[in-house]
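Just start_3.pdb here, PDB, C-alpha atoms, pLDDT in the B column:
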ATOM      1  CA  MET A 258      48.763  -0.830  80.399  1.00 42.00           C
ATOM      2  CA  ALA A 259      47.048  -2.247  77.329  1.00 45.00           C
ATOM      3  CA  SER A 260      47.619  -5.950  76.862  1.00 47.00           C
ATOM      4  CA  ASN A 261      47.463  -5.734  73.077  1.00 54.00           C
ATOM      5  CA  PRO A 262      50.737  -4.224  71.765  1.00 55.00           C
ATOM      6  CA  THR A 263      48.899  -2.664  68.800  1.00 85.00           C
ATOM      7  CA  PHE A 264      46.533  -0.789  71.103  1.00 93.00           C
ATOM      8  CA  SER A 265      48.581   2.350  71.462  1.00 94.00           C
ATOM      9  CA  VAL A 266      48.341   6.003  70.477  1.00 95.00           C
ATOM     10  CA  GLU A 267      51.184   5.433  68.046  1.00 95.00           C
ATOM     11  CA  TYR A 268      49.370   2.594  66.272  1.00 96.00           C
ATOM     12  CA  ILE A 269      46.055   4.467  66.166  1.00 96.00           C
ATOM     13  CA  THR A 270      47.846   7.500  64.731  1.00 96.00           C
ATOM     14  CA  SER A 271      49.498   5.342  62.088  1.00 96.00           C
ATOM     15  CA  LEU A 272      46.065   4.120  61.010  1.00 96.00           C
ATOM     16  CA  ILE A 273      44.620   7.634  60.882  1.00 96.00           C
ATOM     17  CA  THR A 274      47.489   9.033  58.837  1.00 95.00           C
ATOM     18  CA  SER A 275      47.899   6.067  56.485  1.00 94.00           C
ATOM     19  CA  THR A 276      47.325   6.985  52.845  1.00 91.00           C
ATOM     20  CA  LYS A 277      46.644   3.332  52.013  1.00 93.00           C
ATOM     21  CA  LEU A 278      43.498   2.956  54.108  1.00 94.00           C
ATOM     22  CA  THR A 279      40.033   3.862  52.894  1.00 95.00           C
ATOM     23  CA  PRO A 280      37.693   5.329  55.527  1.00 95.00           C
ATOM     24  CA  HIS A 281      35.743   2.057  55.634  1.00 96.00           C
ATOM     25  CA  LEU A 282      38.902   0.019  56.209  1.00 97.00           C
ATOM     26  CA  LEU A 283      39.949   2.455  58.935  1.00 97.00           C
ATOM     27  CA  VAL A 284      36.612   1.815  60.662  1.00 97.00           C
ATOM     28  CA  GLU A 285      37.171  -1.937  60.466  1.00 97.00           C
ATOM     29  CA  LEU A 286      40.652  -1.731  61.937  1.00 96.00           C
ATOM     30  CA  LEU A 287      39.544   0.558  64.752  1.00 97.00           C
ATOM     31  CA  ALA A 288      36.611  -1.743  65.478  1.00 96.00           C
ATOM     32  CA  ASP A 289      39.068  -4.618  65.863  1.00 95.00           C
ATOM     33  CA  LEU A 290      40.676  -2.684  68.717  1.00 96.00           C
ATOM     34  CA  GLU A 291      37.505  -2.239  70.757  1.00 95.00           C
ATOM     35  CA  PRO A 292      37.975  -5.429  72.822  1.00 94.00           C
ATOM     36  CA  SER A 293      41.405  -4.121  73.799  1.00 94.00           C
ATOM     37  CA  ALA A 294      39.926  -0.748  74.747  1.00 93.00           C
ATOM     38  CA  ILE A 295      37.288  -2.348  76.929  1.00 90.00           C
ATOM     39  CA  THR A 296      39.832  -4.509  78.764  1.00 89.00           C
ATOM     40  CA  THR A 297      42.418  -1.754  79.205  1.00 87.00           C
ATOM     41  CA  SER A 298      42.817  -0.636  82.791  1.00 79.00           C
ATOM     42  CA  LEU A 299      41.643   2.946  83.160  1.00 77.00           C
ATOM     43  CA  THR A 300      44.440   4.891  84.846  1.00 79.00           C
ATOM     44  CA  GLU A 301      46.047   8.298  84.556  1.00 80.00           C
ATOM     45  CA  GLN A 302      48.540   6.692  82.191  1.00 85.00           C
ATOM     46  CA  THR A 303      45.854   5.411  79.798  1.00 87.00           C
ATOM     47  CA  VAL A 304      43.516   8.426  79.722  1.00 86.00           C
ATOM     48  CA  ASN A 305      45.040   9.826  76.530  1.00 90.00           C
ATOM     49  CA  LEU A 306      45.018   6.413  74.841  1.00 92.00           C
ATOM     50  CA  ILE A 307      41.369   5.752  75.680  1.00 92.00           C
ATOM     51  CA  SER A 308      40.336   9.280  74.686  1.00 91.00           C
ATOM     52  CA  THR A 309      42.220   9.113  71.407  1.00 94.00           C
ATOM     53  CA  TYR A 310      40.833   5.704  70.528  1.00 96.00           C
ATOM     54  CA  TYR A 311      37.169   6.390  71.168  1.00 95.00           C
ATOM     55  CA  SER A 312      37.310   9.831  69.577  1.00 95.00           C
ATOM     56  CA  ALA A 313      39.011   8.418  66.485  1.00 97.00           C
ATOM     57  CA  PHE A 314      36.442   5.629  66.264  1.00 97.00           C
ATOM     58  CA  LEU A 315      33.523   8.078  66.501  1.00 96.00           C
ATOM     59  CA  LEU A 316      35.031  10.414  63.895  1.00 97.00           C
ATOM     60  CA  SER A 317      35.800   7.555  61.516  1.00 97.00           C
ATOM     61  CA  LEU A 318      32.206   6.293  61.731  1.00 97.00           C
ATOM     62  CA  LEU A 319      30.948   9.774  60.905  1.00 97.00           C
ATOM     63  CA  LEU A 320      33.361   9.870  57.982  1.00 96.00           C
ATOM     64  CA  VAL A 321      31.601   6.848  56.448  1.00 95.00           C
ATOM     65  CA  ASP A 322      28.149   8.261  57.303  1.00 94.00           C
ATOM     66  CA  ASP A 323      27.386   5.474  59.777  1.00 95.00           C
ATOM     67  CA  VAL A 324      25.620   7.685  62.305  1.00 94.00           C
ATOM     68  CA  ASN A 325      23.615   4.838  63.792  1.00 95.00           C
ATOM     69  CA  GLU A 326      26.703   2.791  64.634  1.00 96.00           C
ATOM     70  CA  ALA A 327      28.344   5.907  66.035  1.00 96.00           C
ATOM     71  CA  ARG A 328      25.356   6.339  68.351  1.00 94.00           C
ATOM     72  CA  PHE A 329      25.624   2.714  69.483  1.00 94.00           C
ATOM     73  CA  LEU A 330      29.335   3.247  70.094  1.00 94.00           C
ATOM     74  CA  SER A 331      28.601   6.313  72.236  1.00 90.00           C
ATOM     75  CA  LYS A 332      26.430   4.154  74.482  1.00 88.00           C
ATOM     76  CA  ARG A 333      29.220   1.581  74.794  1.00 90.00           C
ATOM     77  CA  ILE A 334      31.698   4.345  75.620  1.00 88.00           C
ATOM     78  CA  SER A 335      29.475   5.594  78.404  1.00 82.00           C
ATOM     79  CA  SER A 336      29.091   2.078  79.815  1.00 81.00           C
ATOM     80  CA  HIS A 337      32.847   1.562  79.695  1.00 80.00           C
ATOM     81  CA  LEU A 338      34.001   4.829  81.184  1.00 79.00           C
ATOM     82  CA  ALA A 339      31.241   5.971  83.525  1.00 69.00           C
ATOM     83  CA  PRO A 340      32.259   3.559  86.343  1.00 65.00           C
ATOM     84  CA  THR A 341      35.579   5.409  86.565  1.00 62.00           C
ATOM     85  CA  LEU A 342      33.671   8.503  87.704  1.00 55.00           C
ATOM     86  CA  PRO A 343      31.587   7.138  90.597  1.00 49.00           C
ATOM     87  CA  SER A 344      30.530  10.559  91.833  1.00 52.00           C
ATOM     88  CA  GLN A 345      28.801  11.254  88.505  1.00 48.00           C
ATOM     89  CA  LEU A 346      26.988   7.998  87.846  1.00 46.00           C
ATOM     90  CA  PRO A 347      25.158   7.642  85.537  1.00 51.00           C
ATOM     91  CA  THR A 348      27.355   9.785  83.302  1.00 55.00           C
ATOM     92  CA  PRO A 349      26.635  10.661  79.660  1.00 59.00           C
ATOM     93  CA  VAL A 350      29.612  10.702  77.319  1.00 59.00           C
ATOM     94  CA  SER A 351      29.411  14.487  77.002  1.00 56.00           C
ATOM     95  CA  ASP A 352      30.166  14.828  80.725  1.00 57.00           C
ATOM     96  CA  LEU A 353      33.233  12.575  80.812  1.00 59.00           C
ATOM     97  CA  THR A 354      35.525  15.496  81.558  1.00 56.00           C
ATOM     98  CA  ALA A 355      38.295  13.172  82.674  1.00 61.00           C
ATOM     99  CA  TYR A 356      38.583  12.175  79.011  1.00 70.00           C
ATOM    100  CA  PRO A 357      38.777  15.622  77.367  1.00 69.00           C
ATOM    101  CA  LEU A 358      39.047  14.410  73.774  1.00 76.00           C
ATOM    102  CA  ILE A 359      35.764  12.478  73.833  1.00 86.00           C
ATOM    103  CA  PRO A 360      33.098  15.175  74.434  1.00 88.00           C
ATOM    104  CA  PRO A 361      33.867  17.141  71.215  1.00 92.00           C
ATOM    105  CA  ALA A 362      33.520  13.988  69.095  1.00 94.00           C
ATOM    106  CA  TYR A 363      30.336  13.049  70.946  1.00 91.00           C
ATOM    107  CA  ASN A 364      28.891  16.555  70.537  1.00 93.00           C
ATOM    108  CA  LEU A 365      29.744  16.419  66.845  1.00 95.00           C
ATOM    109  CA  LEU A 366      27.809  13.161  66.596  1.00 95.00           C
ATOM    110  CA  LYS A 367      24.772  14.801  68.223  1.00 93.00           C
ATOM    111  CA  ALA A 368      25.008  17.778  65.859  1.00 94.00           C
ATOM    112  CA  VAL A 369      25.240  15.530  62.795  1.00 95.00           C
ATOM    113  CA  TYR A 370      22.319  13.421  63.975  1.00 93.00           C
ATOM    114  CA  THR A 371      20.125  16.499  64.434  1.00 91.00           C
ATOM    115  CA  ARG A 372      21.542  18.251  61.352  1.00 90.00           C
ATOM    116  CA  SER A 373      22.552  21.277  63.392  1.00 92.00           C
ATOM    117  CA  TYR A 374      24.764  22.767  60.700  1.00 93.00           C
ATOM    118  CA  GLY A 375      26.024  25.703  62.734  1.00 93.00           C
ATOM    119  CA  SER A 376      27.045  23.406  65.577  1.00 95.00           C
ATOM    120  CA  ILE A 377      28.705  20.913  63.223  1.00 96.00           C
ATOM    121  CA  TYR A 378      30.995  23.521  61.688  1.00 96.00           C
ATOM    122  CA  ASN A 379      31.599  25.291  64.988  1.00 96.00           C
ATOM    123  CA  ILE A 380      32.752  22.066  66.651  1.00 96.00           C
ATOM    124  CA  LEU A 381      34.935  21.079  63.715  1.00 97.00           C
ATOM    125  CA  LEU A 382      36.565  24.493  63.318  1.00 95.00           C
ATOM    126  CA  SER A 383      36.850  25.689  66.921  1.00 95.00           C
ATOM    127  CA  THR A 384      37.780  22.505  68.797  1.00 94.00           C
ATOM    128  CA  PRO A 385      41.498  22.257  69.629  1.00 94.00           C
ATOM    129  CA  TRP A 386      41.783  18.725  68.241  1.00 95.00           C
ATOM    130  CA  SER A 387      44.871  16.816  69.261  1.00 94.00           C
ATOM    131  CA  PRO A 388      47.528  16.247  66.583  1.00 94.00           C
ATOM    132  CA  GLU A 389      46.401  12.618  66.403  1.00 95.00           C
ATOM    133  CA  LEU A 390      42.759  13.522  65.715  1.00 96.00           C
ATOM    134  CA  GLN A 391      43.188  16.638  63.577  1.00 96.00           C
ATOM    135  CA  PRO A 392      43.529  14.664  60.294  1.00 96.00           C
ATOM    136  CA  LEU A 393      40.201  12.921  60.937  1.00 97.00           C
ATOM    137  CA  ALA A 394      38.460  16.161  61.900  1.00 97.00           C
ATOM    138  CA  SER A 395      39.780  17.863  58.766  1.00 97.00           C
ATOM    139  CA  ALA A 396      38.781  14.910  56.582  1.00 97.00           C
ATOM    140  CA  PHE A 397      35.261  14.918  57.993  1.00 97.00           C
ATOM    141  CA  LEU A 398      34.939  18.680  57.505  1.00 97.00           C
ATOM    142  CA  GLU A 399      35.822  18.302  53.821  1.00 95.00           C
ATOM    143  CA  HIS A 400      33.610  15.227  53.445  1.00 94.00           C
ATOM    144  CA  PHE A 401      30.565  16.762  55.149  1.00 95.00           C
ATOM    145  CA  ARG A 402      30.871  20.051  53.266  1.00 94.00           C
ATOM    146  CA  ARG A 403      31.185  18.261  49.912  1.00 92.00           C
ATOM    147  CA  LYS A 404      28.212  16.018  50.645  1.00 90.00           C
ATOM    148  CA  THR A 405      26.093  18.944  51.788  1.00 91.00           C
ATOM    149  CA  PHE A 406      27.076  20.996  48.764  1.00 92.00           C
ATOM    150  CA  LYS A 407      25.863  18.239  46.473  1.00 89.00           C
ATOM    151  CA  LEU A 408      22.623  17.814  48.411  1.00 88.00           C
ATOM    152  CA  VAL A 409      21.937  21.548  48.258  1.00 90.00           C
ATOM    153  CA  SER A 410      22.720  21.539  44.530  1.00 89.00           C
ATOM    154  CA  TYR A 411      20.004  18.933  43.969  1.00 85.00           C
ATOM    155  CA  ALA A 412      17.516  20.194  46.562  1.00 85.00           C
ATOM    156  CA  TYR A 413      17.417  23.828  45.470  1.00 88.00           C
ATOM    157  CA  THR A 414      17.356  25.567  42.117  1.00 89.00           C
ATOM    158  CA  THR A 415      18.017  28.913  43.825  1.00 92.00           C
ATOM    159  CA  ILE A 416      19.211  29.755  47.311  1.00 93.00           C
ATOM    160  CA  THR A 417      20.219  32.886  49.200  1.00 94.00           C
ATOM    161  CA  PRO A 418      23.885  33.413  50.074  1.00 94.00           C
ATOM    162  CA  ASN A 419      22.973  33.325  53.773  1.00 93.00           C
ATOM    163  CA  GLN A 420      21.232  29.956  53.429  1.00 92.00           C
ATOM    164  CA  ALA A 421      24.151  28.524  51.485  1.00 94.00           C
ATOM    165  CA  ALA A 422      26.609  29.854  54.060  1.00 95.00           C
ATOM    166  CA  THR A 423      24.662  28.131  56.844  1.00 93.00           C
ATOM    167  CA  TYR A 424      24.593  24.774  55.077  1.00 93.00           C
ATOM    168  CA  LEU A 425      28.247  24.926  54.060  1.00 95.00           C
ATOM    169  CA  GLY A 426      29.869  26.452  57.115  1.00 94.00           C
ATOM    170  CA  PHE A 427      30.752  29.830  55.625  1.00 94.00           C
ATOM    171  CA  GLU A 428      28.805  31.942  58.131  1.00 91.00           C
ATOM    172  CA  ASN A 429      31.948  33.764  59.264  1.00 90.00           C
ATOM    173  CA  GLU A 430      32.814  34.695  55.690  1.00 92.00           C
ATOM    174  CA  SER A 431      31.662  37.849  53.925  1.00 93.00           C
ATOM    175  CA  GLU A 432      28.970  37.532  51.267  1.00 92.00           C
ATOM    176  CA  GLU A 433      31.587  38.409  48.665  1.00 93.00           C
ATOM    177  CA  VAL A 434      33.765  35.488  49.737  1.00 94.00           C
ATOM    178  CA  VAL A 435      30.774  33.107  49.839  1.00 94.00           C
ATOM    179  CA  LEU A 436      29.779  34.114  46.314  1.00 94.00           C
ATOM    180  CA  GLU A 437      33.347  33.694  45.093  1.00 94.00           C
ATOM    181  CA  LYS A 438      33.614  30.194  46.566  1.00 94.00           C
ATOM    182  CA  LEU A 439      30.285  28.976  45.177  1.00 94.00           C
ATOM    183  CA  MET A 440      30.625  30.565  41.756  1.00 94.00           C
ATOM    184  CA  ALA A 441      33.970  28.776  41.499  1.00 93.00           C
ATOM    185  CA  GLU A 442      31.951  25.539  41.894  1.00 91.00           C
ATOM    186  CA  GLY A 443      29.719  26.459  38.939  1.00 92.00           C
ATOM    187  CA  TRP A 444      26.844  28.207  40.710  1.00 94.00           C
ATOM    188  CA  MET A 445      25.609  31.465  39.171  1.00 94.00           C
ATOM    189  CA  TRP A 446      24.764  34.730  40.898  1.00 94.00           C
ATOM    190  CA  ASP A 447      21.582  36.626  40.069  1.00 92.00           C
ATOM    191  CA  GLY A 448      22.243  40.037  41.541  1.00 89.00           C
ATOM    192  CA  ASP A 449      18.805  41.364  40.649  1.00 90.00           C
ATOM    193  CA  GLN A 450      17.073  38.601  42.612  1.00 92.00           C
ATOM    194  CA  GLY A 451      19.775  38.312  45.263  1.00 91.00           C
ATOM    195  CA  LEU A 452      19.889  34.563  44.673  1.00 94.00           C
ATOM    196  CA  LEU A 453      22.438  31.950  43.758  1.00 95.00           C
ATOM    197  CA  LYS A 454      21.423  29.522  41.019  1.00 94.00           C
ATOM    198  CA  THR A 455      22.677  26.053  41.847  1.00 91.00           C
ATOM    199  CA  VAL A 456      24.106  23.605  39.337  1.00 88.00           C
ATOM    200  CA  ALA A 457      23.718  19.882  40.058  1.00 79.00           C
ATOM    201  CA  THR A 458      26.451  17.596  38.778  1.00 71.00           C
ATOM    202  CA  GLU A 459      25.869  14.163  37.262  1.00 61.00           C
ATOM    203  CA  ASP A 460      28.543  12.512  39.396  1.00 60.00           C
ATOM    204  CA  ASP A 461      26.955  10.048  41.821  1.00 52.00           C
ATOM    205  CA  ASP A 462      30.105   9.347  43.831  1.00 56.00           C
ATOM    206  CA  ASP A 463      28.795  11.461  46.685  1.00 55.00           C
ATOM    207  CA  ASP A 464      25.219  10.157  46.750  1.00 58.00           C
ATOM    208  CA  VAL A 465      23.963  10.550  50.316  1.00 56.00           C
ATOM    209  CA  GLY A 466      22.124   7.516  51.610  1.00 52.00           C
ATOM    210  CA  GLY A 467      20.693   6.895  48.133  1.00 55.00           C
ATOM    211  CA  VAL A 468      18.582  10.048  48.406  1.00 51.00           C
ATOM    212  CA  ILE A 469      19.919  11.649  45.218  1.00 58.00           C
ATOM    213  CA  SER A 470      19.583   8.519  43.078  1.00 57.00           C
ATOM    214  CA  GLN A 471      16.080   7.974  44.441  1.00 48.00           C
ATOM    215  CA  ALA A 472      15.127  11.507  43.471  1.00 49.00           C
ATOM    216  CA  LYS A 473      16.521  10.987  39.978  1.00 53.00           C
ATOM    217  CA  GLY A 474      14.535   7.796  39.531  1.00 50.00           C
ATOM    218  CA  GLY A 475      11.180   9.226  40.587  1.00 46.00           C
ATOM    219  CA  LYS A 476       8.383   9.824  38.101  1.00 43.00           C
ATOM    220  CA  ASP A 477       8.227  13.451  39.157  1.00 44.00           C
ATOM    221  CA  GLY A 478      11.832  14.363  39.782  1.00 46.00           C
ATOM    222  CA  ARG A 479      11.052  17.895  40.892  1.00 45.00           C
ATOM    223  CA  ILE A 480       8.623  16.819  43.620  1.00 40.00           C
ATOM    224  CA  GLU A 481      10.932  14.003  44.691  1.00 45.00           C
ATOM    225  CA  ARG A 482      13.781  16.468  44.916  1.00 49.00           C
ATOM    226  CA  LEU A 483      11.893  18.959  47.046  1.00 45.00           C
ATOM    227  CA  THR A 484      10.333  16.413  49.392  1.00 45.00           C
ATOM    228  CA  GLY A 485      13.221  13.968  49.581  1.00 51.00           C
ATOM    229  CA  LEU A 486      16.337  16.113  49.514  1.00 53.00           C
ATOM    230  CA  VAL A 487      15.111  19.135  51.447  1.00 55.00           C
ATOM    231  CA  THR A 488      13.729  16.794  54.094  1.00 53.00           C
ATOM    232  CA  HIS A 489      17.081  15.025  54.253  1.00 53.00           C
ATOM    233  CA  LEU A 490      18.810  18.351  54.745  1.00 59.00           C
ATOM    234  CA  THR A 491      16.517  19.528  57.513  1.00 57.00           C
ATOM    235  CA  GLU A 492      14.979  16.539  59.288  1.00 49.00           C
ATOM    236  CA  VAL A 493      15.795  15.873  62.922  1.00 35.00           C
TER     237      VAL A 493
END
Have the structure of the file written as structure tokens, please.
Amino acid sequence: MASNPTFSVEYITSLITSTKLTPHLLVELLADLEPSAITTSLTEQTVNLISTYYSAFLLSLLLVDDVNEARFLSKRISSHLAPTLPSQLPTPVSDLTAYPLIPPAYNLLKAVYTRSYGSIYNILLSTPWSPELQPLASAFLEHFRRKTFKLVSYAYTTITPNQAATYLGFENESEEVVLEKLMAEGWMWDGDQGLLKTVATEDDDDDVGGVISQAKGGKDGRIERLTGLVTHLTEV
């Protein structure tokens, strides 16, 4: 059993579902629990606790766009849990099948790091997340889609419906539905050209890694936008 009374599925769930915590504060509170996770005996009784904790920590780091720290955490997870599977040493996090909640979060991290948009949305929408983790998965889906929408709005003046659907996770929707969703956000449809005309907003609340503000401040905003933002959308 965990020695720290706050290190429990119930406490972790209370953090995830709290309406008073910002994503950054959630990360801080989950980070405070890592020493307890590391010192918790790994038994059949603690598998769900360990899985829930590490998955929640990974998802919360992605929610604040701290991909690098999430990658460092994945290495610590592997070091912590691999010794419990001696027949599979060394074991990457994605193969820790004894902890079924962890691989989806780890695979999501890999997809975000490589900007594999199809994989990102597939993992988020098709994974049977536990009730404890579903709020975080849903929050990240909304966050990632909103961020990507803003990046696309700045990176492109026109874009095909298929391209937009790929970036925004609407590949399973009909073109009519995709057009309806994006026109509701202010984009315009040019039926003759078969292109959507994007509309960039002036709100900087969702600036991604400073890329948008950097593009705005460049001497040649158009070139900055094409080289900076498109690269950010597609780089591996």
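Between CA of Arg403 (chain A) and CA of Glu442 (chain A) lies a distance of 10.9 Å.
Using all atoms listed in the file, the residues found no farther than 7 Å from Ala313 (chain A), other than those of its own chain fewer than 4 positions away, are Thr309, Ser317 and Leu390 of chain A.
For the pair CA of Ser312 (chain A) and CA of Ile334 (chain A), the separation is 9.9 Å.
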Taking the file as shown, find all residues satisfying the PyMOL selection byres ((chain A and resi 374) around 12) and write them as a PyMOL selection string.
chain A and resi 365-373+375-381+398+401-402+405+420-428+490-493
Output C-alpha atoms of each residue in that selection to a file, as a compact mmCIF listing (two decimals), in the frame of the given file.
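Result file out_39.txt:
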# COMPACT_ATOMS: atom_id res chain seq x y z
CA LEU A 365 29.74 16.42 66.84
CA LEU A 366 27.81 13.16 66.60
CA LYS A 367 24.77 14.80 68.22
CA ALA A 368 25.01 17.78 65.86
CA VAL A 369 25.24 15.53 62.80
CA TYR A 370 22.32 13.42 63.98
CA THR A 371 20.12 16.50 64.43
CA ARG A 372 21.54 18.25 61.35
CA SER A 373 22.55 21.28 63.39
CA GLY A 375 26.02 25.70 62.73
CA SER A 376 27.04 23.41 65.58
CA ILE A 377 28.70 20.91 63.22
CA TYR A 378 31.00 23.52 61.69
CA ASN A 379 31.60 25.29 64.99
CA ILE A 380 32.75 22.07 66.65
CA LEU A 381 34.94 21.08 63.72
CA LEU A 398 34.94 18.68 57.50
CA PHE A 401 30.56 16.76 55.15
CA ARG A 402 30.87 20.05 53.27
CA THR A 405 26.09 18.94 51.79
CA GLN A 420 21.23 29.96 53.43
CA ALA A 421 24.15 28.52 51.48
CA ALA A 422 26.61 29.85 54.06
CA THR A 423 24.66 28.13 56.84
CA TYR A 424 24.59 24.77 55.08
CA LEU A 425 28.25 24.93 54.06
CA GLY A 426 29.87 26.45 57.12
CA PHE A 427 30.75 29.83 55.62
CA GLU A 428 28.80 31.94 58.13
CA LEU A 490 18.81 18.35 54.74
CA THR A 491 16.52 19.53 57.51
CA GLU A 492 14.98 16.54 59.29
CA VAL A 493 15.80 15.87 62.92
Residues near Lys454 (chain A), cut-off 9 Å, only C-alpha atoms, skip fewer than 3 positions along chain, as a PyMOL selection string
chain A and resi 410+413-417+444-447
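Separating CA of Tyr363 (chain A) from CA of Ser383 (chain A) is a distance of 14.8 Å.
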Just so the selection is clear, what residues does the PyMOL selection byres ((chain A and resi 358) around 8) cover here, as a PyMOL selection string?
chain A and resi 308-309+312+356-357+359-362+386-387
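Nearest-residue note for Leu408 (chain A): choosing from A:Leu316, A:Val456, A:Val435, A:Leu338, the minimum distance belongs to A:Val456, counting all atoms listed in the file.
Nearest-residue note for Leu318 (chain A): choosing from A:Leu272, A:Leu453, A:Leu287, A:Leu306, the minimum distance belongs to A:Leu287, counting only C-alpha atoms.
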Can you pull out the residues contacting Thr279 (chain A)? Cut-off 12 Å, using only C-alpha atoms, and skip same-chain residues under 4 positions away; I want them as a ChimeraX atom specification.
/A:272-275,283-286,317,320-321,396
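The shortest atom-to-atom distance to Ile269 (chain A), with all atoms listed in the file taken into account, belongs to A:Glu389 out of A:Pro292, A:Glu301, A:Asn325, A:Glu389.
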N, CA and C atoms are what I want for region 358-377 of chain A; can you complete it accordingly and write them as an mmCIF file, keeping the file's coordinate frame?
data_model
loop_
_atom_site.group_PDB
_atom_site.id
_atom_site.type_symbol
_atom_site.label_atom_id
_atom_site.label_comp_id
_atom_site.auth_asym_id
_atom_site.auth_seq_id
_atom_site.Cartn_x
_atom_site.Cartn_y
_atom_site.Cartn_z
ATOM 1 N N LEU A 358 39.166 14.511 75.223
ATOM 2 C CA LEU A 358 39.047 14.410 73.774
ATOM 3 C C LEU A 358 37.685 13.867 73.346
ATOM 4 N N ILE A 359 36.994 13.163 74.226
ATOM 5 C CA ILE A 359 35.764 12.478 73.833
ATOM 6 C C ILE A 359 34.563 13.407 73.665
ATOM 7 N N PRO A 360 34.291 14.340 74.598
ATOM 8 C CA PRO A 360 33.098 15.175 74.434
ATOM 9 C C PRO A 360 32.974 15.900 73.094
ATOM 10 N N PRO A 361 34.048 16.492 72.517
ATOM 11 C CA PRO A 361 33.867 17.141 71.215
ATOM 12 C C PRO A 361 33.397 16.177 70.124
ATOM 13 N N ALA A 362 33.946 14.971 70.098
ATOM 14 C CA ALA A 362 33.520 13.988 69.095
ATOM 15 C C ALA A 362 32.075 13.574 69.337
ATOM 16 N N TYR A 363 31.708 13.416 70.602
ATOM 17 C CA TYR A 363 30.336 13.049 70.946
ATOM 18 C C TYR A 363 29.371 14.180 70.587
ATOM 19 N N ASN A 364 29.748 15.423 70.881
ATOM 20 C CA ASN A 364 28.891 16.555 70.537
ATOM 21 C C ASN A 364 28.764 16.726 69.033
ATOM 22 N N LEU A 365 29.816 16.391 68.307
ATOM 23 C CA LEU A 365 29.744 16.419 66.845
ATOM 24 C C LEU A 365 28.746 15.378 66.357
ATOM 25 N N LEU A 366 28.777 14.200 66.942
ATOM 26 C CA LEU A 366 27.809 13.161 66.596
ATOM 27 C C LEU A 366 26.385 13.663 66.811
ATOM 28 N N LYS A 367 26.119 14.289 67.950
ATOM 29 C CA LYS A 367 24.772 14.801 68.223
ATOM 30 C C LYS A 367 24.374 15.856 67.202
ATOM 31 N N ALA A 368 25.310 16.726 66.824
ATOM 32 C CA ALA A 368 25.008 17.778 65.859
ATOM 33 C C ALA A 368 24.725 17.198 64.481
ATOM 34 N N VAL A 369 25.477 16.171 64.088
ATOM 35 C CA VAL A 369 25.240 15.530 62.795
ATOM 36 C C VAL A 369 23.892 14.825 62.799
ATOM 37 N N TYR A 370 23.578 14.156 63.886
ATOM 38 C CA TYR A 370 22.319 13.421 63.975
ATOM 39 C C TYR A 370 21.119 14.360 63.869
ATOM 40 N N THR A 371 21.229 15.531 64.463
ATOM 41 C CA THR A 371 20.125 16.499 64.434
ATOM 42 C C THR A 371 20.254 17.501 63.286
ATOM 43 N N ARG A 372 21.291 17.339 62.472
ATOM 44 C CA ARG A 372 21.542 18.251 61.352
ATOM 45 C C ARG A 372 21.596 19.704 61.806
ATOM 46 N N SER A 373 22.328 19.929 62.874
ATOM 47 C CA SER A 373 22.552 21.277 63.392
ATOM 48 C C SER A 373 23.808 21.824 62.721
ATOM 49 N N TYR A 374 23.622 22.403 61.536
ATOM 50 C CA TYR A 374 24.764 22.767 60.700
ATOM 51 C C TYR A 374 25.715 23.740 61.388
ATOM 52 N N GLY A 375 25.153 24.753 62.056
ATOM 53 C CA GLY A 375 26.024 25.703 62.734
ATOM 54 C C GLY A 375 26.890 25.027 63.775
ATOM 55 N N SER A 376 26.291 24.113 64.539
ATOM 56 C CA SER A 376 27.045 23.406 65.577
ATOM 57 C C SER A 376 28.096 22.494 64.971
ATOM 58 N N ILE A 377 27.756 21.818 63.876
ATOM 59 C CA ILE A 377 28.705 20.913 63.223
ATOM 60 C C ILE A 377 29.977 21.662 62.848
#
